[in-house]
Each structure stands twice: as C-alpha cells, then as structure tokens.
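Undergrad: I have a structure here, written as structure tokens, and I will follow up with some questions on it.
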Amino acid sequence: MAEAFNDLTLPEDKAARYATVAQEIASVLEGEPNRTARMATIAAMLAASFEHYFWTGFYVVDPDRDRELVVGPYQGTLGCLRIAYGRGVCGTAAATGQTQLVPDVHAFPGHIACDGRSASEVVVPVFDPAGNLIAVFDVDATEPAAFDAVDAAWLEKILKAAFS
C-alpha cells in the first residue's frame, strides 16, 4: 500500500492534504500492531507530505525513567536524546497532556534548541487506548508561525486514530 502513496498527487489545500494523508496513513497501518513501526511510518509519511516540516517525529515515554521522554522514530536532523516532562515544548506537552502550538520557539519559556534552525513547532501528546501518555509527536519548521490550528487538529486526529 505504501507504493500507492508514493505516486499520489496531494491536494494543495492544507486541510484537504491532511485528509488525504490521513487516509493513506490509516490504509498503510491497517493490521500493523507494532507501535514502533506505526510511529516510524507516520513520521515518514507526514514528513514526505509537507514541505514546511523540518523535523518530524516522536519522543516516547521512557518506562525506565520517571517523567522523561526519549527520542523515538523521526525524520530530520539529529534530535535531542532525552527531554524531561515540563521542559521545553515537548516536555510541556507531556506534562500537560495538551497540544502545544508555538509560532516562535525562541519566545517559549525553557525552549530546548535541539537544532537552532527551528523557528516554530507543534507538539501533540499521544495516548494509548487506556488514555495513558505513550509519546509526544513533534514537528518543527524553520519558518516562524509555520503551523496553525489546521495542523494541530489534523495531527491530533491522525495520532488518535493510529494509537487509541
């Protein structure tokens, strides 16, 4: 099914593009139980679908360390290896369980610059079917204010469908 995605012409309209990509992701993931495979596929498909995505990936809850995320499957430059809950945008999403839409990461209190070229970010908490936090999904862009409510809503929808 992934081959079909490679030949797919995506709509220009952002919401329509997300809708198309969401259907493709669901189709590719159908029947795949492995969480790492699901994360890797989502990161790759979203990164390939949106030109403004500079860094795209997951920080996974580390079961061996209290309130700490560890880098998971991603696309992009080197990511931070570990992020404590409450630290930076990803840690804030983990601590609050709320999506973080940040138009200027340099104005975000405690921002962690894993790559100094990042200028804006959206981070979505990812929950399992029981409602437990399993990861956060992080997307960075090199342009300020590259993400909006459309990005946040569609990412939430895609991730909920894939992991809940």
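Identifiers in the structure tokens: chain A, B, ... in order shown; residue index from 1 per chain; ligand index from 1 in order shown.
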Pick out the residues sitting within 8 Å of range 104-121 of chain A, and hand them over as a PyMOL selection string; count only C-alpha atoms, and ignore anything fewer than 4 positions along from it in its own chain.

TA: chain A and resi 54+77-80+87-89+100+138-147

Undergrad: Hey, what's within 9 Å of Thr96 in chain A if we count only C-alpha atoms and toss same-chain stuff fewer than 4 positions away? As a list in words, please?

TA: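 Contacts, with the query itself left out: Tyr85, Gly86, Gly91, Thr92 and Pro125 of chain A.
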
Undergrad: Any chance you could tabulate, as a Markdown table, the residues of range 80-122 of chain A at most 10 Å from range 148-158 of chain A with each one's nearest atom pair and distance in Å to one decimal, using only C-alpha atoms, in chain and rising number order?

TA:
| residue | atom | partner | partner_atom | distance |
| --- | --- | --- | --- | --- |
| A:Thr99 | CA | A:Ala152 | CA | 7.2 |
| A:Gln100 | CA | A:Ala152 | CA | 8.3 |
| A:Leu101 | CA | A:Asp148 | CA | 7.1 |
| A:Val102 | CA | A:Asp148 | CA | 8.8 |
| A:Pro103 | CA | A:Asp148 | CA | 8.2 |
| A:Glu121 | CA | A:Asp148 | CA | 9.7 |
| A:Val122 | CA | A:Ala152 | CA | 6.8 |

Undergrad: Go through A:Glu30, A:Glu68, A:Glu12, A:Asp128 one by one, measure the shortest atom-to-atom distance of each to Cys90 in chain A using only C-alpha atoms, and give the residue with the smallest value.

TA: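 Of all the options, A:Glu68 lies closest to Cys90 in chain A.
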
Undergrad: Nearest residue to Ala162 in chain A out of A:Ala16, A:Val21, A:Val70, A:Val126, using only C-alpha atoms?

TA: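 Ranked by minimum distance to Ala162 in chain A, first place goes to A:Val126.
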
Undergrad: Which residues are near Ile25 in chain A? Cut-off 9 Å, only C-alpha atoms, ignore same chain within fewer than 2 positions. Put them as a compact mmCIF listing (two decimals) with C-alpha atoms, in the first residue's frame.

TA:
# COMPACT_ATOMS: atom_id res chain seq x y z
CA ALA A 2 2.93 2.37 0.60
CA PHE A 5 1.31 6.77 -1.53
CA THR A 20 -5.74 12.58 2.03
CA VAL A 21 -2.59 11.77 4.00
CA ALA A 22 -4.68 10.63 7.00
CA GLN A 23 -6.50 8.12 4.77
CA SER A 27 -4.50 2.31 4.99
CA VAL A 28 -0.78 1.61 5.38
CA LEU A 29 -1.08 0.96 9.14
CA GLU A 30 -4.09 -1.33 8.86
CA THR A 41 5.54 5.13 9.24
CA ILE A 42 3.61 8.16 10.48
CA MET A 45 4.62 9.80 5.59
CA LEU A 46 3.95 13.17 7.20
CA ILE A 158 -4.21 11.18 12.80
CA ALA A 162 -3.32 5.41 14.98

Undergrad: Would you please extract all strand (DSSP E) residues from range 20-155 of chain A, as assigned by DSSP on the backbone, and give them as a PyMOL selection string?

TA: chain A and resi 55-61+68-75+82-84+100-102+120-127+133-141

Undergrad: Can you list, as an NGL selection string, every residue of range 21-131 of chain A that DSSP puts in helix (DSSP H, G or I)?

TA: :A and (21-29 or 35-49 or 88-96 or 105-107)

Undergrad: Need to verify the contact set: Val71 in chain A, 10 Å, only C-alpha atoms, exclusion of same-chain residues closer than 4 positions in sequence. Can you return it as an MDAnalysis selection string?

TA: chainID A and resid 57:62 78:83 135:136

Undergrad: Create the file for the chosen residues now, containing N, CA and C atoms and written as a short mmCIF file (atom, residue, chain, number, x, y, z; two decimals), in the first residue's frame.

TA:
data_model
loop_
_atom_site.label_atom_id
_atom_site.label_comp_id
_atom_site.auth_asym_id
_atom_site.auth_seq_id
_atom_site.Cartn_x
_atom_site.Cartn_y
_atom_site.Cartn_z
N GLY A 57 8.81 13.84 14.28
CA GLY A 57 9.00 12.57 14.96
C GLY A 57 8.43 12.49 16.36
N PHE A 58 8.74 11.38 16.98
CA PHE A 58 8.19 11.04 18.29
C PHE A 58 9.26 11.10 19.38
N TYR A 59 8.85 11.59 20.53
CA TYR A 59 9.59 11.39 21.77
C TYR A 59 8.71 10.49 22.61
N VAL A 60 9.25 9.34 22.98
CA VAL A 60 8.49 8.27 23.62
C VAL A 60 8.69 8.31 25.13
N VAL A 61 7.62 8.04 25.87
CA VAL A 61 7.72 7.94 27.32
C VAL A 61 8.67 6.79 27.65
N ASP A 62 9.68 7.08 28.46
CA ASP A 62 10.65 6.05 28.86
C ASP A 62 10.13 5.35 30.11
N LEU A 78 19.59 15.57 13.67
CA LEU A 78 19.74 14.96 14.99
C LEU A 78 18.79 15.60 16.00
N GLY A 79 18.05 14.78 16.71
CA GLY A 79 17.14 15.27 17.72
C GLY A 79 17.77 15.19 19.10
N CYS A 80 17.15 15.83 20.06
CA CYS A 80 17.58 15.68 21.45
C CYS A 80 17.35 14.22 21.84
N LEU A 81 18.22 13.67 22.65
CA LEU A 81 18.04 12.28 23.05
C LEU A 81 16.99 12.12 24.14
N ARG A 82 17.00 13.01 25.12
CA ARG A 82 16.07 12.91 26.25
C ARG A 82 15.53 14.28 26.61
N ILE A 83 14.25 14.29 27.01
CA ILE A 83 13.59 15.53 27.43
C ILE A 83 12.76 15.22 28.67
N ALA A 135 3.71 8.94 24.18
CA ALA A 135 4.70 9.71 23.42
C ALA A 135 4.17 11.11 23.18
N VAL A 136 5.02 11.93 22.61
CA VAL A 136 4.58 13.18 22.01
C VAL A 136 5.07 13.17 20.57
#

Undergrad: Need to verify the contact set: Phe163 in chain A, 10 Å, only C-alpha atoms, exclusion of same-chain residues closer than 5 positions in sequence. Can you return it as an NGL selection string?

TA: :A and (33 or 35 or 38-39 or 126-129 or 131 or 134 or 158)

Undergrad: So what do you get for CA of Tyr18 in chain A versus CA of Ala94 in chain A, distance-wise?

TA: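 If I compute the distance from CA of Tyr18 in chain A to CA of Ala94 in chain A, I get 23.8 Å.
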